[in-house]
Amino acid sequence: MAVGTESAKATVDEGNEILKPRTDKREYRRIVLKNSLVVLLISDPETDKCAASMNVSVGSFSDPQGLDGLAHFLEHMLFYASEKYPEEHGFMKFVSEHGGSTNAYTSTEDTNYHFHINSDSFHETLERFAQFFIKPLMSADATMREIKAVDSEHQKNLLSDPWRISQLEKHLSREDHPYHKFGTGNLDTLHVQPEAKGIDIRSELIKFYDKYYSANVMHLVVYGKENLDKTQGLVEELFQEIPNTNKGVPRFPGQPCTPDHLQVLVKAVPIRKGHKLSVSWPVTPSIHHYEEAPCRYIGRLIGHKGEGSLYHALKIKGWATSLYAGEAGSKMEYSFFNVSIDLTDAGHECMQQVLGLLFTYIQLLQQSGVCQWIFDELSAICEAEFHYQAKIEPISYATRISSKMMMYPTKHWLVRSSLPWRFNPAIVQKVLDELSPTNVRIFWKSNKFEGQTEKVEPWYNTAYSLEKITEFTIQEWVQSAPDVNLRLPTRNDFIPTDFSLKDVKDKDIFPVLLRKTPFSRLWYKPDTKFFKPKAYIKMDFNCPLAVSSPHAEVLSNIFVWLLVDYLNEYAYYAQTAGLHYGLSLSDNGFELYLVGFNHKLRILLEAVIQKIAKFQVKPDRFSVIKETVTKAYQNHKFRQPYHQAMTYCSLVLQDQSWPWTERLDALSYLEAEDLANFVPMLLSRTFVECYIAGNVDKSEAESMVKHIEDVLFNDPKPICRPLFPSQIMTNRVAELGTGNKYFYHQQGSNPSDENSALVHYIQVHQDEFSMNIELQIFKLIAKQATFHQLRTIEQLGYITSLSQRNDSGVYGLQFFIQSSVKGPGHIDSRVESLLKDLESKLYNMSDEEFKSHVTTLIDMKLEKHKNLSEESWFYWGEIQNGTLKFNRKEAEVAALRELKKEELVDFFDEYIKVDAPKKKSMSICVYGNQHLKEMASDKDKISSTSIEIEDIIGFRNSLPLYGSLKGCSQLKL
């Protein structure tokens with residue numbers, strides 16, 4: 001309903017102050033419009049992006065009987081158009097062309113719509129956004145197209161184990177409870193079945209919208225650059241006309257699981273290799289006691305990984321490789337507490353003993369009572385994390401808040417359940433006691449159950465069997481469990497207490513080379529922007545042997561996994577205290593990162609370095625990790641087809657990269673002795689590239705790196721020696737031939753997958769400012785056109801995108817599309833056709849349009865880093881690629897300001913268009929099961945000017961390589 005000017009003023013909530021982090025300079029205000037829309041206004045003068053998120057308190061639980069997925073379908077349709085802005089997908093086009101992004105999701109009881117945009121386009125975007133909820137144009141023309149988009153989204157999930165198991169859990173619940181429903185929807189539920197019953201799906205869609213979409217059940221967050229008064233005026237102007245029909249928020253009382261659905265053991269067959277136990281109990285929802293945080297307290301103990309913990313006991317027995325515990329699926333009316341355990345083969349065979357240990361530990365907690373000191377530690381950690389949290393993207397921040405506004409009082413909208421502060425042992429004990437054998441559901445997933453099940457879940461065709469278990473059975477499991485020393489954790493010495501900020505004398509705006517020796521190079525960047533007591537450390541151990549062959553890469557991978565495994569009990573305390581670390585393979589060796597509170601960061605760093613220096617292979621742990629890595633490689637075949645296509649593209653381009661099949665083959669015959677012999681050779685020649693940033697002064701940074709050198713290089717019998725000059729690590733990229741089109745056709749690695757995929761790659765140039773910005777502005781212009789034409793109009797697939805690709809400083813474009821309706825050959829022809837359309841679009845572009853795109857890209861480039869990690873990722877990328885262009889943004893903006901439209905057209909004509917003289921392109925075609933028969937004919941259609949790649953590695957080895965930028969940077973310094 002329209003609201004007159006005089007009554008348009010919102011009610012401002014002055015008396016309910018919103019609790020915010022003490023380091024947060026943003027301003028907040030709650031208002032209620034005259035149509036009862038509740039709004040949180042956020043003013044952040046420092047932001048470059050503005051955002052909004054609208055949460056509507058209705059989701060898939062409200063789908064009408066026989067129309068599963070209707071709420072999700074409506075979410076798609078609201079993006080289509082509005083009466084005021086009728087251009088098809090005009091909102092997405094506008095947002096994309098002005099440096100933003102937009103998305104939405106439908107959950108069980110909520111639907112959330114959100115976007116962010118360059119600040120100078122915020123007003124117009126917000127107006128367009130508001131029209132979603134005022135007068136959406138649910139066109140009959142778009143109905144079938146968006147149903148196909150929903151179906152394509154479902155098709156990509158059919159072979160995803162998380163989706164399959166989640167739906168199985170719902171299937172095994174009360175049929176009269178909405179938890180039982182299939183919320184995503186597909187072609188069958190939204191078209192075939194309704195049409196057979198004479199139901200007009202568009203009429204049902206409009207009926208659903210009219211029934212549930214009312215301003216009084218919506219919550220809006222608006223994140224702007226302007227002051228609160230100005231933003232409030234904007235919101236009052238744009239959102240007051242959302243109709244308020246005084247609907248009630250749908251409620252779904254009762255538990256999804258009756259006693260018939262409890263005390264059950266479900267055996268299910270997953271797609272991927274491996275074994276997993278998921279143990280679930282219906283519990284009192286924590287939302288009613290979020291200040292006491294019962295599930296968080298319990299999850300912290302059951303999920304603990306230190307000595308004496310459940311996980312430690314399972315690990316020592318060689319039965320588990322990971323364990324997670326916590327609340328899931330929490331709603332106002334019901335909730336589940338879940339324990340998820342990844343089992344080894346041995347753990348799978350000893351499942352009953354694993355469960356026996358789990359229930360033994362739960363009994364220990366129930367009998368020990370709730371400890372004040374454990375709660376106080378949890379509270380202290382959460383308080384530090386809340387008050388010193390880093391800024392995140394406005395779109396994520398707005399969405400996070402809007403989705404929970406209805407569940408929490410205004411003053412706790414920002415805090416939510418992240419800050420437990422009220423110790424109430426009775427409430428925690430109540431939830432603990434709900435974790436009983438009489439209240440449990442056990443889902444046991446393993447490929448070994450294939451052929452041993454008699455039931456099938458109807459939506460994802462997951463094979464399963466079900467049997468009832470008794471309390472007596474579980475007591476037998478408890479009695480069969482091994483006698484291990486389970487106990488509560490010890491006190492956490494990593495909890496930070498010093499949050500003081502360093503006095504930074506040198507206000508360096510870019511990283512500086514602080515120290516260089518034959519052993520290492522240290523880049524240093526003090527925190528001059530974020531003023532948080534945190535630090536970021538990245539160290540790349542360049543080891544020439546690490547990725548020199550499939551055999552070496554596999555051994556290096558196991559070495560890294562074992563390092564993490566050995567550090568687990570010690571480092572877990574640091575991680576729970578807000579100090580995170582990680583070890584992983586890198587292009588040239590292995591990489592260590594540490595990020596979090598700086599107070600005790602050095603203690604963790606020295607522990608990691610010591611573990612590297614004293615590394616020894618423990619045969620029992622080697623066997624477990626080898627098994628885990630083997631399954632990880634085996635599961636490569638079950639990845640989404642577009643991921644497979646991108647992997648093949650990387651294999652062509654990136655020198656010293658190896659097919660997963662070769663790595664799996666090399667792994668099969670490795671023993672502990674092979675790793676014991678390999679690691680000393682791996683470390684024997686090493687160079688450590690270091691980046692240290694944040695709340696750390698120069699002397700501290702230098703001291704950390706010197707400590708590493710002392711431990712690894714300066715011992716009388718050093719573990720590491722410096723690299724020979726000829727061993728300087730470089731990343732080389734294959735250069736495709738000019739004027740040729742390359743094709744690679746391959747069957748999808750999972751024969752059960754119906755989806756096919758295409759990656760259409762165009763290689764352009766090696767890092768150079770003027771060409772960089774020409775490529776980027778073309779991508780900005782073409783990205784939305786790609787999505788609109790190939791996904792919206794032609795309905796080729798839910799996964800459709802255009803992105804820029806950067807391989808060690810070699811830039812290009814890649815179109816990637818995954819489809820269940822068309823094969824890769826057809827899709828490739830449609831990409832070629834799209835490029836011809838883009839040719840016309842560029843040639844006919846007005847000067848005003850061109851200037852608008854340039855302005856948008858400049859705004860995107862000048863966007864400030866929001867937190868220390870984001871800043872560090874950017875600078876570390878320059879160091880890793882060897883480009884060292886720390887002023888990249890400023891230099892590219894300067895080039896953009898000089899760019900002329902004619903130069904962009906010339907660039908397109910020379911490198912991008914279908915018959916461009918300097919074009920270098922490659923199409924990677926992955927064929928799903930239903931399109932496999934097309935592969936031979938697609939190969940036959942290849943023109944004489946195109947080249948079929950038969951052997952990826954052989955082809956790569958025949959190509960010249962771009963000169964390494966990293967090699968040049970080493971020589972300069």
# chains A, B, ... in the order shown; residues from 1 in each chain; ligands from 1
call {"tool": "closest_atom_pairs", "arguments": {"of": "region 61-160 of chain A", "to": "region 812-830 of chain A", "cutoff": "12 Å", "atoms": "only C-alpha atoms", "output": "Markdown table"}}
result
| residue | atom | partner | partner_atom | distance |
| --- | --- | --- | --- | --- |
| A:Lys148 | CA | A:Val821 | CA | 9.9 |
| A:Ala149 | CA | A:Ser819 | CA | 10.6 |
| A:Asp151 | CA | A:Ser820 | CA | 9.7 |
| A:Ser152 | CA | A:Ser820 | CA | 7.1 |
| A:Glu153 | CA | A:Ser819 | CA | 10.0 |
| A:His154 | CA | A:Ser820 | CA | 10.5 |
| A:Gln155 | CA | A:Ser820 | CA | 7.2 |
| A:Lys156 | CA | A:Ser820 | CA | 8.4 |
| A:Asn157 | CA | A:Ser820 | CA | 11.7 |
| A:Leu158 | CA | A:Ser820 | CA | 11.4 |
call {"tool": "closest_atom_pairs", "arguments": {"of": "region 857-965 of chain A", "to": "region 767-782 of chain A", "cutoff": "6 Å", "atoms": "only C-alpha atoms", "output": "CSV"}}
result
residue,atom,partner,partner_atom,distance
A:Glu892,CA,A:Phe769,CA,5.7
A:Ala895,CA,A:Ser770,CA,6.0
A:Leu904,CA,A:Glu774,CA,5.8
call {"tool": "closest_atom_pairs", "arguments": {"of": "region 701-791 of chain A", "to": "region 599-611 of chain A", "cutoff": "8 Å", "atoms": "only C-alpha atoms", "output": "tab-separated table"}}
result
residue	atom	partner	partner_atom	distance
A:Met704	CA	A:Arg602	CA	7.3
A:His707	CA	A:Glu606	CA	8.0
A:Ile708	CA	A:Ile609	CA	6.7
A:Val711	CA	A:Gln610	CA	7.5
call {"tool": "atom_distance", "arguments": {"atom1": "CA of Glu890 (chain A)", "atom2": "CA of Gly877 (chain A)"}}
result
16.3 Å
call {"tool": "closest_residue", "arguments": {"among": "A:Phe713, A:Pro425, A:Arg128, A:Lys861", "to": "Leu238 (chain A)", "atoms": "only C-alpha atoms"}}
result
A:Arg128
call {"tool": "select_by_dssp", "arguments": {"residues": "region 323-538 of chain A", "states": "helix (DSSP H, G or I)", "output": "PDB file with C-alpha atoms, in the first residue's frame"}}
result
ATOM      1  CA  ASP A 345      39.217 -48.143   7.006  1.00  0.00           C
ATOM      2  CA  ALA A 346      40.174 -49.509  10.432  1.00  0.00           C
ATOM      3  CA  GLY A 347      37.724 -47.134  12.111  1.00  0.00           C
ATOM      4  CA  HIS A 348      34.972 -48.315   9.800  1.00  0.00           C
ATOM      5  CA  GLU A 349      35.609 -51.900  10.885  1.00  0.00           C
ATOM      6  CA  MET A 351      32.495 -48.536  14.246  1.00  0.00           C
ATOM      7  CA  GLN A 352      30.834 -49.904  17.368  1.00  0.00           C
ATOM      8  CA  GLN A 353      33.918 -49.165  19.456  1.00  0.00           C
ATOM      9  CA  VAL A 354      34.135 -45.663  17.968  1.00  0.00           C
ATOM     10  CA  LEU A 355      30.549 -45.027  19.045  1.00  0.00           C
ATOM     11  CA  GLY A 356      31.314 -46.618  22.387  1.00  0.00           C
ATOM     12  CA  LEU A 357      34.096 -44.074  22.953  1.00  0.00           C
ATOM     13  CA  LEU A 358      31.793 -41.223  21.890  1.00  0.00           C
ATOM     14  CA  PHE A 359      29.130 -42.205  24.421  1.00  0.00           C
ATOM     15  CA  THR A 360      31.805 -42.841  27.054  1.00  0.00           C
ATOM     16  CA  TYR A 361      33.068 -39.291  26.613  1.00  0.00           C
ATOM     17  CA  ILE A 362      29.539 -37.881  26.737  1.00  0.00           C
ATOM     18  CA  GLN A 363      28.951 -39.773  29.975  1.00  0.00           C
ATOM     19  CA  LEU A 364      32.201 -38.296  31.333  1.00  0.00           C
ATOM     20  CA  LEU A 365      30.913 -34.796  30.563  1.00  0.00           C
ATOM     21  CA  GLN A 366      27.506 -35.529  32.055  1.00  0.00           C
ATOM     22  CA  GLN A 367      29.067 -36.823  35.263  1.00  0.00           C
ATOM     23  CA  SER A 368      31.800 -34.158  35.538  1.00  0.00           C
ATOM     24  CA  GLN A 372      33.083 -22.498  35.391  1.00  0.00           C
ATOM     25  CA  TRP A 373      36.684 -22.187  34.183  1.00  0.00           C
ATOM     26  CA  ILE A 374      35.915 -23.847  30.828  1.00  0.00           C
ATOM     27  CA  PHE A 375      32.983 -21.498  30.290  1.00  0.00           C
ATOM     28  CA  ASP A 376      35.162 -18.515  31.320  1.00  0.00           C
ATOM     29  CA  GLU A 377      37.803 -19.520  28.759  1.00  0.00           C
ATOM     30  CA  LEU A 378      35.155 -19.851  26.073  1.00  0.00           C
ATOM     31  CA  SER A 379      33.740 -16.467  27.025  1.00  0.00           C
ATOM     32  CA  ALA A 380      37.180 -14.804  26.999  1.00  0.00           C
ATOM     33  CA  ILE A 381      38.014 -16.199  23.558  1.00  0.00           C
ATOM     34  CA  CYS A 382      34.662 -15.174  22.116  1.00  0.00           C
ATOM     35  CA  GLU A 383      34.932 -11.710  23.626  1.00  0.00           C
ATOM     36  CA  ALA A 384      38.358 -11.137  22.062  1.00  0.00           C
ATOM     37  CA  GLU A 385      37.157 -12.407  18.682  1.00  0.00           C
ATOM     38  CA  PHE A 386      34.057 -10.192  18.803  1.00  0.00           C
ATOM     39  CA  HIS A 387      35.714  -6.953  19.869  1.00  0.00           C
ATOM     40  CA  PRO A 394      29.507  -5.233   3.285  1.00  0.00           C
ATOM     41  CA  ILE A 395      27.315  -7.726   1.389  1.00  0.00           C
ATOM     42  CA  SER A 396      28.369 -10.541   3.722  1.00  0.00           C
ATOM     43  CA  TYR A 397      28.010  -8.372   6.814  1.00  0.00           C
ATOM     44  CA  ALA A 398      24.539  -7.144   5.853  1.00  0.00           C
ATOM     45  CA  THR A 399      23.341 -10.652   4.999  1.00  0.00           C
ATOM     46  CA  ARG A 400      24.713 -12.118   8.204  1.00  0.00           C
ATOM     47  CA  ILE A 401      22.788  -9.553  10.268  1.00  0.00           C
ATOM     48  CA  SER A 402      19.500  -9.477   8.335  1.00  0.00           C
ATOM     49  CA  THR A 410      17.782  -5.376  18.769  1.00  0.00           C
ATOM     50  CA  LYS A 411      20.691  -4.801  21.137  1.00  0.00           C
ATOM     51  CA  HIS A 412      22.160  -8.195  20.184  1.00  0.00           C
ATOM     52  CA  PRO A 425      25.314 -24.837  34.509  1.00  0.00           C
ATOM     53  CA  ALA A 426      21.717 -26.082  34.741  1.00  0.00           C
ATOM     54  CA  ILE A 427      20.940 -25.087  31.155  1.00  0.00           C
ATOM     55  CA  VAL A 428      24.148 -26.627  29.810  1.00  0.00           C
ATOM     56  CA  GLN A 429      23.539 -29.787  31.839  1.00  0.00           C
ATOM     57  CA  LYS A 430      20.013 -30.048  30.438  1.00  0.00           C
ATOM     58  CA  VAL A 431      21.320 -30.142  26.860  1.00  0.00           C
ATOM     59  CA  LEU A 432      24.123 -32.515  27.863  1.00  0.00           C
ATOM     60  CA  ASP A 433      21.552 -34.907  29.274  1.00  0.00           C
ATOM     61  CA  GLU A 434      19.655 -34.793  25.963  1.00  0.00           C
ATOM     62  CA  PRO A 437      21.223 -43.309  23.763  1.00  0.00           C
ATOM     63  CA  THR A 438      17.410 -43.091  23.668  1.00  0.00           C
ATOM     64  CA  ASN A 439      17.453 -39.875  21.698  1.00  0.00           C
ATOM     65  CA  ASN A 447      30.982 -47.216  -0.159  1.00  0.00           C
ATOM     66  CA  LYS A 448      31.344 -50.658   1.401  1.00  0.00           C
ATOM     67  CA  PHE A 449      27.560 -50.724   1.854  1.00  0.00           C
ATOM     68  CA  GLU A 471      19.763 -48.409  24.635  1.00  0.00           C
ATOM     69  CA  PHE A 472      21.075 -51.830  25.616  1.00  0.00           C
ATOM     70  CA  THR A 473      22.916 -52.107  22.279  1.00  0.00           C
ATOM     71  CA  ILE A 474      24.656 -48.783  22.830  1.00  0.00           C
ATOM     72  CA  GLN A 475      25.633 -49.835  26.359  1.00  0.00           C
ATOM     73  CA  GLU A 476      27.225 -52.921  24.822  1.00  0.00           C
ATOM     74  CA  TRP A 477      29.203 -50.659  22.496  1.00  0.00           C
ATOM     75  CA  VAL A 478      30.334 -48.589  25.481  1.00  0.00           C
ATOM     76  CA  GLN A 479      31.495 -51.742  27.247  1.00  0.00           C
ATOM     77  CA  SER A 480      33.375 -52.899  24.127  1.00  0.00           C
TER      78      SER A 480
END
call {"tool": "residues_around", "arguments": {"residues": "Met407 (chain A)", "least_positions_apart": "6", "cutoff": "12 Å", "atoms": "only C-alpha atoms", "output": "PyMOL selection string"}}
result
chain A and resi 55+57+109-110+219+249+285-290+330-333+401+413-417
call {"tool": "atom_distance", "arguments": {"atom1": "CA of Ser869 (chain A)", "atom2": "CA of Val595 (chain A)"}}
result
7.8 Å
call {"tool": "residues_around", "arguments": {"residues": "Glu848 (chain A)", "least_positions_apart": "5", "cutoff": "12 Å", "atoms": "only C-alpha atoms", "output": "list in words"}}
result
His853, Val854, Thr855, Lys900 and Lys901 of chain A
call {"tool": "write_last_selection", "arguments": {"atoms": "N, CA and C atoms", "output": "PDB file, in the first residue's frame"}}
result
ATOM      1  N   HIS A 853      31.804   2.560 -17.997  1.00  0.00           N
ATOM      2  CA  HIS A 853      32.528   1.324 -17.671  1.00  0.00           C
ATOM      3  C   HIS A 853      33.899   1.637 -17.081  1.00  0.00           C
ATOM      4  N   VAL A 854      34.582   2.621 -17.644  1.00  0.00           N
ATOM      5  CA  VAL A 854      35.900   3.006 -17.130  1.00  0.00           C
ATOM      6  C   VAL A 854      35.784   3.494 -15.690  1.00  0.00           C
ATOM      7  N   THR A 855      34.790   4.335 -15.437  1.00  0.00           N
ATOM      8  CA  THR A 855      34.582   4.850 -14.075  1.00  0.00           C
ATOM      9  C   THR A 855      34.291   3.715 -13.093  1.00  0.00           C
ATOM     10  N   LYS A 900      41.408   4.998 -24.306  1.00  0.00           N
ATOM     11  CA  LYS A 900      40.404   5.466 -25.260  1.00  0.00           C
ATOM     12  C   LYS A 900      39.590   4.285 -25.769  1.00  0.00           C
ATOM     13  N   LYS A 901      38.358   4.579 -26.162  1.00  0.00           N
ATOM     14  CA  LYS A 901      37.477   3.518 -26.655  1.00  0.00           C
ATOM     15  C   LYS A 901      38.095   2.817 -27.862  1.00  0.00           C
TER      16      LYS A 901
END
call {"tool": "closest_residue", "arguments": {"among": "A:Trp444, A:Ser280, A:Asn755, A:Pro526", "to": "Gly797 (chain A)", "atoms": "only C-alpha atoms"}}
result
A:Asn755
call {"tool": "residues_around", "arguments": {"residues": "Phe61 (chain A)", "least_positions_apart": "5", "cutoff": "8 Å", "atoms": "only C-alpha atoms", "output": "MDAnalysis selection string"}}
result
chainID A and resid 108:109 178:179 181 183
call {"tool": "write_last_selection", "arguments": {"atoms": "all heavy atoms", "output": "short mmCIF file (atom, residue, chain, number, x, y, z; two decimals), in the first residue's frame"}}
result
data_model
loop_
_atom_site.label_atom_id
_atom_site.label_comp_id
_atom_site.auth_asym_id
_atom_site.auth_seq_id
_atom_site.Cartn_x
_atom_site.Cartn_y
_atom_site.Cartn_z
N THR A 108 14.96 -22.95 4.97
CA THR A 108 13.70 -23.58 5.36
C THR A 108 12.65 -22.56 5.81
O THR A 108 11.47 -22.70 5.49
CB THR A 108 13.94 -24.59 6.50
OG1 THR A 108 14.60 -23.92 7.59
CG2 THR A 108 14.78 -25.75 6.02
N GLU A 109 13.09 -21.51 6.51
CA GLU A 109 12.12 -20.54 7.04
C GLU A 109 12.42 -19.10 6.64
O GLU A 109 11.77 -18.18 7.12
CB GLU A 109 12.07 -20.65 8.58
CG GLU A 109 11.59 -22.01 9.06
CD GLU A 109 11.46 -22.10 10.57
OE1 GLU A 109 11.01 -21.12 11.17
OE2 GLU A 109 11.83 -23.15 11.13
N PRO A 178 7.23 -30.13 8.02
CA PRO A 178 7.86 -29.57 6.81
C PRO A 178 9.34 -29.90 6.67
O PRO A 178 9.89 -29.79 5.57
CB PRO A 178 7.63 -28.06 6.95
CG PRO A 178 7.34 -27.84 8.40
CD PRO A 178 6.66 -29.08 8.88
N TYR A 179 10.00 -30.30 7.77
CA TYR A 179 11.40 -30.73 7.68
C TYR A 179 11.55 -31.86 6.67
O TYR A 179 12.60 -32.01 6.04
CB TYR A 179 11.87 -31.17 9.07
CG TYR A 179 13.31 -31.66 9.13
CD1 TYR A 179 14.36 -30.76 9.14
CD2 TYR A 179 13.59 -33.02 9.21
CE1 TYR A 179 15.67 -31.20 9.21
CE2 TYR A 179 14.90 -33.48 9.28
CZ TYR A 179 15.94 -32.56 9.28
OH TYR A 179 17.24 -33.00 9.34
N LYS A 181 10.30 -32.15 3.80
CA LYS A 181 10.11 -31.75 2.41
C LYS A 181 11.40 -31.73 1.59
O LYS A 181 12.51 -31.74 2.13
CB LYS A 181 9.48 -30.34 2.36
CG LYS A 181 8.04 -30.28 2.81
CD LYS A 181 7.51 -28.85 2.69
CE LYS A 181 6.04 -28.78 3.04
NZ LYS A 181 5.51 -27.41 2.90
N GLY A 183 13.15 -29.19 -0.52
CA GLY A 183 13.03 -27.74 -0.60
C GLY A 183 13.54 -27.10 -1.87
O GLY A 183 13.13 -26.00 -2.22
#
call {"tool": "closest_residue", "arguments": {"among": "A:Cys543, A:Leu583, A:Phe208, A:Glu226", "to": "Arg721 (chain A)", "atoms": "only C-alpha atoms"}}
result
A:Cys543
call {"tool": "residues_around", "arguments": {"residues": "Lys505 (chain A)", "least_positions_apart": "6", "cutoff": "12 Å", "atoms": "only C-alpha atoms", "output": "count of residues only"}}
result
6
call {"tool": "select_by_dssp", "arguments": {"residues": "region 320-397 of chain A", "states": "strand (DSSP E)", "output": "ChimeraX atom specification"}}
result
/A:320-328,336-343
call {"tool": "write_last_selection", "arguments": {"atoms": "all heavy atoms", "output": "compact mmCIF listing (two decimals), in the first residue's frame"}}
result
# COMPACT_ATOMS: atom_id res chain seq x y z
N ALA A 320 40.19 -42.46 13.17
CA ALA A 320 39.53 -41.25 12.67
C ALA A 320 40.55 -40.25 12.15
O ALA A 320 41.68 -40.19 12.63
CB ALA A 320 38.69 -40.60 13.77
N THR A 321 40.12 -39.45 11.17
CA THR A 321 40.98 -38.40 10.61
C THR A 321 40.40 -37.01 10.85
O THR A 321 41.09 -36.01 10.62
CB THR A 321 41.19 -38.61 9.11
OG1 THR A 321 39.92 -38.65 8.45
CG2 THR A 321 41.95 -39.90 8.84
N SER A 322 39.16 -36.90 11.28
CA SER A 322 38.62 -35.60 11.66
C SER A 322 37.39 -35.82 12.52
O SER A 322 36.76 -36.88 12.47
CB SER A 322 38.27 -34.75 10.44
OG SER A 322 37.07 -35.20 9.84
N LEU A 323 37.05 -34.79 13.30
CA LEU A 323 35.87 -34.85 14.15
C LEU A 323 35.34 -33.44 14.32
O LEU A 323 36.09 -32.50 14.59
CB LEU A 323 36.21 -35.45 15.52
CG LEU A 323 35.04 -35.72 16.49
CD1 LEU A 323 35.38 -36.89 17.40
CD2 LEU A 323 34.74 -34.49 17.36
N TYR A 324 34.03 -33.28 14.14
CA TYR A 324 33.37 -31.99 14.35
C TYR A 324 32.18 -32.21 15.27
O TYR A 324 31.46 -33.22 15.14
CB TYR A 324 32.91 -31.39 13.04
CG TYR A 324 31.91 -30.27 13.24
CD1 TYR A 324 32.33 -28.98 13.57
CD2 TYR A 324 30.53 -30.50 13.16
CE1 TYR A 324 31.43 -27.97 13.81
CE2 TYR A 324 29.61 -29.49 13.40
CZ TYR A 324 30.07 -28.22 13.71
OH TYR A 324 29.17 -27.22 13.96
N ALA A 325 31.94 -31.27 16.16
CA ALA A 325 30.77 -31.36 17.04
C ALA A 325 30.15 -29.98 17.21
O ALA A 325 30.86 -29.00 17.44
CB ALA A 325 31.17 -31.92 18.41
N GLY A 326 28.84 -29.92 17.09
CA GLY A 326 28.16 -28.64 17.29
C GLY A 326 26.71 -28.69 16.87
O GLY A 326 26.22 -29.68 16.33
N GLU A 327 26.04 -27.60 17.13
CA GLU A 327 24.62 -27.49 16.80
C GLU A 327 24.46 -27.26 15.30
O GLU A 327 25.23 -26.54 14.68
CB GLU A 327 24.00 -26.33 17.58
CG GLU A 327 22.50 -26.25 17.49
CD GLU A 327 21.94 -25.13 18.35
OE1 GLU A 327 22.69 -24.18 18.66
OE2 GLU A 327 20.76 -25.21 18.73
N ALA A 328 23.43 -27.86 14.73
CA ALA A 328 23.15 -27.70 13.30
C ALA A 328 21.64 -27.64 13.11
O ALA A 328 20.88 -28.24 13.86
CB ALA A 328 23.73 -28.85 12.49
N PHE A 336 19.23 -29.70 16.26
CA PHE A 336 19.98 -30.95 16.36
C PHE A 336 21.39 -30.65 16.82
O PHE A 336 21.98 -29.64 16.43
CB PHE A 336 20.04 -31.66 15.01
CG PHE A 336 18.71 -32.15 14.51
CD1 PHE A 336 18.00 -31.42 13.56
CD2 PHE A 336 18.17 -33.34 14.97
CE1 PHE A 336 16.78 -31.86 13.10
CE2 PHE A 336 16.94 -33.79 14.52
CZ PHE A 336 16.24 -33.04 13.57
N PHE A 337 21.92 -31.53 17.65
CA PHE A 337 23.34 -31.48 17.99
C PHE A 337 24.00 -32.63 17.24
O PHE A 337 23.56 -33.80 17.37
CB PHE A 337 23.58 -31.62 19.49
CG PHE A 337 25.02 -31.41 19.87
CD1 PHE A 337 25.48 -30.15 20.21
CD2 PHE A 337 25.93 -32.45 19.86
CE1 PHE A 337 26.81 -29.94 20.55
CE2 PHE A 337 27.26 -32.26 20.19
CZ PHE A 337 27.70 -30.99 20.54
N ASN A 338 25.01 -32.33 16.45
CA ASN A 338 25.64 -33.33 15.59
C ASN A 338 27.09 -33.56 15.97
O ASN A 338 27.81 -32.61 16.29
CB ASN A 338 25.59 -32.89 14.12
CG ASN A 338 24.18 -32.92 13.56
OD1 ASN A 338 23.27 -33.47 14.17
ND2 ASN A 338 24.00 -32.32 12.40
N VAL A 339 27.50 -34.81 15.89
CA VAL A 339 28.92 -35.17 15.94
C VAL A 339 29.23 -35.90 14.65
O VAL A 339 28.59 -36.90 14.32
CB VAL A 339 29.25 -36.06 17.16
CG1 VAL A 339 30.71 -36.48 17.11
CG2 VAL A 339 28.94 -35.33 18.45
N SER A 340 30.20 -35.38 13.90
CA SER A 340 30.57 -35.97 12.61
C SER A 340 32.01 -36.44 12.68
O SER A 340 32.90 -35.67 13.07
CB SER A 340 30.40 -34.91 11.51
OG SER A 340 30.78 -35.43 10.27
N ILE A 341 32.25 -37.69 12.32
CA ILE A 341 33.58 -38.30 12.42
C ILE A 341 33.94 -38.93 11.07
O ILE A 341 33.21 -39.78 10.56
CB ILE A 341 33.63 -39.38 13.51
CG1 ILE A 341 33.14 -38.83 14.86
CG2 ILE A 341 35.05 -39.94 13.65
CD1 ILE A 341 32.96 -39.90 15.93
N ASP A 342 35.07 -38.51 10.51
CA ASP A 342 35.60 -39.17 9.32
C ASP A 342 36.43 -40.37 9.77
O ASP A 342 37.39 -40.21 10.53
CB ASP A 342 36.48 -38.21 8.51
CG ASP A 342 35.65 -37.21 7.72
OD1 ASP A 342 34.62 -37.60 7.17
OD2 ASP A 342 36.05 -36.03 7.67
N LEU A 343 36.04 -41.54 9.30
CA LEU A 343 36.67 -42.79 9.74
C LEU A 343 37.72 -43.28 8.75
O LEU A 343 37.56 -43.11 7.54
CB LEU A 343 35.61 -43.88 9.91
CG LEU A 343 34.48 -43.63 10.92
CD1 LEU A 343 33.44 -44.74 10.82
CD2 LEU A 343 35.02 -43.52 12.32
call {"tool": "residues_around", "arguments": {"residues": "region 464-470 of chain A", "least_positions_apart": "3", "cutoff": "9 Å", "atoms": "only C-alpha atoms", "output": "list in words"}}
result
Leu168, Asp260, His261, Leu262, Gln263, Val264, Leu265, Val266, Lys267, Ala268, Val269, Pro437, Thr438, Lys445, Phe449, Glu450, Gln452, Thr453, Glu454, Lys455, Val456, Glu457, Thr473, Ile474 and Gln475 of chain A
